[in-house]
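Quick notes on the structure that follows.
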Amino acid sequence: MPLNLAVFVSGRGSNLEAILKAIKAGTLDAQVKTVISNEPGVGALDIAKQYGIEPIVHPSLRVSRQQHEMRIEESLQAFEIEYIVLAGYMRILSPSFLQNFHDRRGFNRVLNIHPSLLPAFPGTNAYEDAFNYGVKISGITVHLVDDKVDHGPILAQEAFSRLANDSLADFKARGLAVEHKLYPSVIQQISEGKVHFYECKR
Ligand code: GRF
């Protein structure tokens, strides 16, 4: 049975596209039941449409977090969502929202991809922060979301190098190529019940 996903986006949507491509190619046994954006007019909405999904936009501007999350919850009720996949979603989900997505062990069925080797460089500018720090190796992390930001049990990490003559754009492009392989492959592991993780104790 394909894994039922809701993908949350706020921007360009290249990870959404990688997931949809993998499903189409038959390498990911999942269905994107809905795409939800908090930003109108972003590229991810066009990508959803290209794949036959009518995205849902719930603008977050001038709406309380509680109101906004209530609207999302209402939209999700139409689908039997097994996992929420955050793909460049720029809002923090509240503990009360996450509670609806507990699995049997109490972990949230909510995934995030972050462009650094967590716990290094959390936050919204991880590529820039790692590059400006002068790292020689960085990487991508896919993790379960918990109540803290860019935090929670790590499902997968893959490293990539910063090469001697890399510009920030080169560095980001190398990382993004890793993101686009890693996210679909971790979701596939989940759908096969094969993903393994350690409890995040700090
Ligand atoms: C990616 O770098 C992802 O790791 C981070 O936000 C960016 C989203 O890019 N969380 P896109 O919208 O998937 O192209």
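In the structure tokens, chains take the letters A, B, ... in the order shown, each chain's residues start at 1, and ligands count up from 1 in the order shown.
Within the 6 Å cut-off around range 155-160 of chain A, using only C-alpha atoms and omitting residues fewer than 4 positions from it on the same chain, the listed residues are Ile137, Ser138, Gly139, Ile140, Thr141, Val142, His143 and Phe197 of chain A.
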Take the residues from that selection and put them in a file with N, CA, C and O atoms, as a short mmCIF file (atom, residue, chain, number, x, y, z; two decimals), in the first residue's frame.
```cif
data_model
loop_
_atom_site.label_atom_id
_atom_site.label_comp_id
_atom_site.auth_asym_id
_atom_site.auth_seq_id
_atom_site.Cartn_x
_atom_site.Cartn_y
_atom_site.Cartn_z
N ILE A 137 33.30 19.80 5.32
CA ILE A 137 32.25 18.80 5.08
C ILE A 137 30.95 19.32 5.67
O ILE A 137 30.94 19.81 6.81
N SER A 138 29.90 19.25 4.90
CA SER A 138 28.58 19.54 5.45
C SER A 138 27.68 18.37 5.10
O SER A 138 28.18 17.29 4.77
N GLY A 139 26.40 18.58 5.14
CA GLY A 139 25.53 17.45 4.82
C GLY A 139 24.07 17.79 4.96
O GLY A 139 23.71 18.95 5.21
N ILE A 140 23.27 16.78 4.77
CA ILE A 140 21.81 16.92 4.80
C ILE A 140 21.28 15.97 5.87
O ILE A 140 21.76 14.84 5.99
N THR A 141 20.28 16.44 6.60
CA THR A 141 19.64 15.61 7.64
C THR A 141 18.15 15.49 7.35
O THR A 141 17.50 16.48 7.06
N VAL A 142 17.64 14.27 7.44
CA VAL A 142 16.18 14.06 7.44
C VAL A 142 15.82 13.56 8.83
O VAL A 142 16.45 12.61 9.33
N HIS A 143 14.87 14.23 9.46
CA HIS A 143 14.55 13.86 10.85
C HIS A 143 13.05 13.92 11.10
O HIS A 143 12.30 14.56 10.35
N PHE A 197 15.93 4.56 13.78
CA PHE A 197 16.47 5.78 14.38
C PHE A 197 16.68 5.60 15.86
O PHE A 197 16.14 4.67 16.47
#
```
Looking only at alpha helix (DSSP H) from DSSP on the backbone, list the matching residues of range 41-154 of chain A as a ChimeraX atom specification.
/A:43-50,65-76,95-99,126-133
Expected answer as a PDB file with C-alpha atoms, in the first residue's frame: residues within 6 Å of ligand 1, only C-alpha atoms and all ligand atoms:
```pdb
ATOM      1  CA  GLY A  11       8.728  28.289  -1.600  1.00  0.00           C
ATOM      2  CA  ARG A  12      10.482  26.899  -4.651  1.00  0.00           C
ATOM      3  CA  GLY A  13       9.365  23.281  -4.220  1.00  0.00           C
ATOM      4  CA  SER A  14      12.377  21.406  -5.549  1.00  0.00           C
ATOM      5  CA  ASN A  15      12.054  18.742  -2.838  1.00  0.00           C
ATOM      6  CA  LEU A  16       8.343  18.376  -3.582  1.00  0.00           C
ATOM      7  CA  ALA A  87       9.654  20.477   2.236  1.00  0.00           C
ATOM      8  CA  GLY A  88      10.911  23.988   2.776  1.00  0.00           C
ATOM      9  CA  ILE A 113      14.752  17.935   5.688  1.00  0.00           C
ATOM     10  CA  HIS A 114      17.446  20.295   6.889  1.00  0.00           C
ATOM     11  CA  PRO A 115      20.507  21.321   4.878  1.00  0.00           C
TER      12      PRO A 115
END
```
Find the residues near range 60-75 of chain A: any atom within 8 Å, counting only C-alpha atoms, skip ones fewer than 3 places away on the same chain, and give them as JSON, numbers by chain.
{"A": [36, 38, 39, 78, 93, 94, 97]}
Please produce an output containing all heavy atoms for each residue in the selection, written as a CSV table (one decimal), in the first residue's frame.
```csv
chain,number,residue,atom,x,y,z
A,36,ILE,N,0.2,21.6,0.8
A,36,ILE,CA,-0.4,22.8,1.5
A,36,ILE,C,0.7,23.8,1.6
A,36,ILE,O,1.9,23.5,2.0
A,36,ILE,CB,-0.9,22.4,2.9
A,36,ILE,CG1,-2.1,21.4,2.7
A,36,ILE,CG2,-1.3,23.6,3.7
A,36,ILE,CD1,-2.8,21.0,4.0
A,38,ASN,N,1.7,27.9,2.9
A,38,ASN,CA,1.3,29.1,3.7
A,38,ASN,C,1.6,30.3,2.9
A,38,ASN,O,1.3,31.4,3.4
A,38,ASN,CB,2.0,29.1,5.1
A,38,ASN,CG,3.5,29.4,4.9
A,38,ASN,OD1,4.2,28.7,4.1
A,38,ASN,ND2,4.1,30.3,5.6
A,39,GLU,N,2.2,30.2,1.7
A,39,GLU,CA,2.6,31.3,0.9
A,39,GLU,C,1.9,31.2,-0.4
A,39,GLU,O,2.0,30.2,-1.2
A,39,GLU,CB,4.1,31.3,0.6
A,39,GLU,CG,5.0,31.6,1.8
A,39,GLU,CD,4.9,33.0,2.3
A,39,GLU,OE1,4.4,33.9,1.6
A,39,GLU,OE2,5.5,33.3,3.4
A,78,ALA,N,-9.9,15.7,4.9
A,78,ALA,CA,-10.4,15.1,3.7
A,78,ALA,C,-9.5,13.9,3.2
A,78,ALA,O,-9.9,13.2,2.3
A,78,ALA,CB,-10.5,16.2,2.6
A,93,LEU,N,5.5,24.2,13.6
A,93,LEU,CA,4.3,23.6,14.0
A,93,LEU,C,4.2,23.5,15.5
A,93,LEU,O,5.1,23.1,16.2
A,93,LEU,CB,4.2,22.2,13.3
A,93,LEU,CG,4.1,22.2,11.8
A,93,LEU,CD1,4.3,20.8,11.2
A,93,LEU,CD2,2.8,22.8,11.3
A,94,SER,N,3.0,23.8,16.0
A,94,SER,CA,2.9,23.8,17.5
A,94,SER,C,2.8,22.4,18.1
A,94,SER,O,2.3,21.5,17.4
A,94,SER,CB,1.7,24.7,17.9
A,94,SER,OG,0.5,24.0,17.6
A,97,PHE,N,-0.6,20.9,17.4
A,97,PHE,CA,-0.8,20.4,16.1
A,97,PHE,C,-0.1,19.0,15.9
A,97,PHE,O,-0.7,18.0,15.4
A,97,PHE,CB,-0.3,21.4,15.1
A,97,PHE,CG,-0.4,20.9,13.6
A,97,PHE,CD1,-1.6,21.2,12.9
A,97,PHE,CD2,0.6,20.1,13.0
A,97,PHE,CE1,-1.7,20.8,11.6
A,97,PHE,CE2,0.4,19.7,11.7
A,97,PHE,CZ,-0.7,20.0,11.0
```
Report the distance between CA of Glu128 in chain A and CA of Tyr89 in chain A in Å, rounded to one decimal place.
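Going from CA of Glu128 in chain A over to CA of Tyr89 in chain A covers 18.0 Å.
Shortest separation to Arg174 in chain A among A:Pro153, A:Met1, A:Tyr51, A:Tyr127 occurs at residue A:Tyr127, atoms counted being only C-alpha atoms.
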Any idea what's packed within 7 Å of Thr34 in chain A, counting only C-alpha atoms, ignoring anything in its chain fewer than 6 positions away? Could you give it as a list in words?
Ala6, Val7, Ile53 and Pro55 of chain A
Using only N, CA, C and O atoms, please write the residues we just selected to a file, as a PDB file, in the first residue's frame.
```
ATOM      1  N   ALA A   6       1.075  14.215   3.039  1.00  0.00           N
ATOM      2  CA  ALA A   6       0.717  15.622   2.813  1.00  0.00           C
ATOM      3  C   ALA A   6       2.047  16.361   2.801  1.00  0.00           C
ATOM      4  O   ALA A   6       2.852  16.204   3.729  1.00  0.00           O
ATOM      5  N   VAL A   7       2.325  17.120   1.755  1.00  0.00           N
ATOM      6  CA  VAL A   7       3.587  17.859   1.691  1.00  0.00           C
ATOM      7  C   VAL A   7       3.299  19.328   1.974  1.00  0.00           C
ATOM      8  O   VAL A   7       2.422  19.928   1.339  1.00  0.00           O
ATOM      9  N   ILE A  53      -1.979  17.831  -8.958  1.00  0.00           N
ATOM     10  CA  ILE A  53      -2.473  18.052  -7.582  1.00  0.00           C
ATOM     11  C   ILE A  53      -2.911  19.507  -7.456  1.00  0.00           C
ATOM     12  O   ILE A  53      -2.121  20.416  -7.779  1.00  0.00           O
ATOM     13  N   PRO A  55      -3.120  22.380  -5.297  1.00  0.00           N
ATOM     14  CA  PRO A  55      -2.583  22.692  -3.964  1.00  0.00           C
ATOM     15  C   PRO A  55      -3.559  23.545  -3.145  1.00  0.00           C
ATOM     16  O   PRO A  55      -4.419  24.232  -3.710  1.00  0.00           O
TER      17      PRO A  55
END
```
Pick out each residue of range 59-97 of chain A that DSSP on the backbone tags as strand (DSSP E or B); I need them as a ChimeraX atom specification.
/A:83-86
Residues near Val110 in chain A, anyone? I mean within 7 Å using only C-alpha atoms, not counting same-chain ones fewer than 2 positions away, as a VMD selection string.
chain A and resid 83 to 85 108 112 144 to 145
For CA of Phe121 in chain A and CA of Asn100 in chain A, quote the distance in Å rounded to one decimal.
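Between these atoms lies a distance of 28.4 Å.
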Non-local contacts of range 164-169 of chain A (9 Å; only C-alpha atoms; under 2 positions in same chain excluded) as a count of residues only:
10
What lies within 10 Å of Pro119 in chain A using only C-alpha atoms, ignoring chain neighbours under 5 positions off, as a PyMOL selection string?
chain A and resi 141+150-152+154
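The two atoms in question, CA of Leu111 in chain A and CA of Ser185 in chain A, are spaced 12.7 Å apart.
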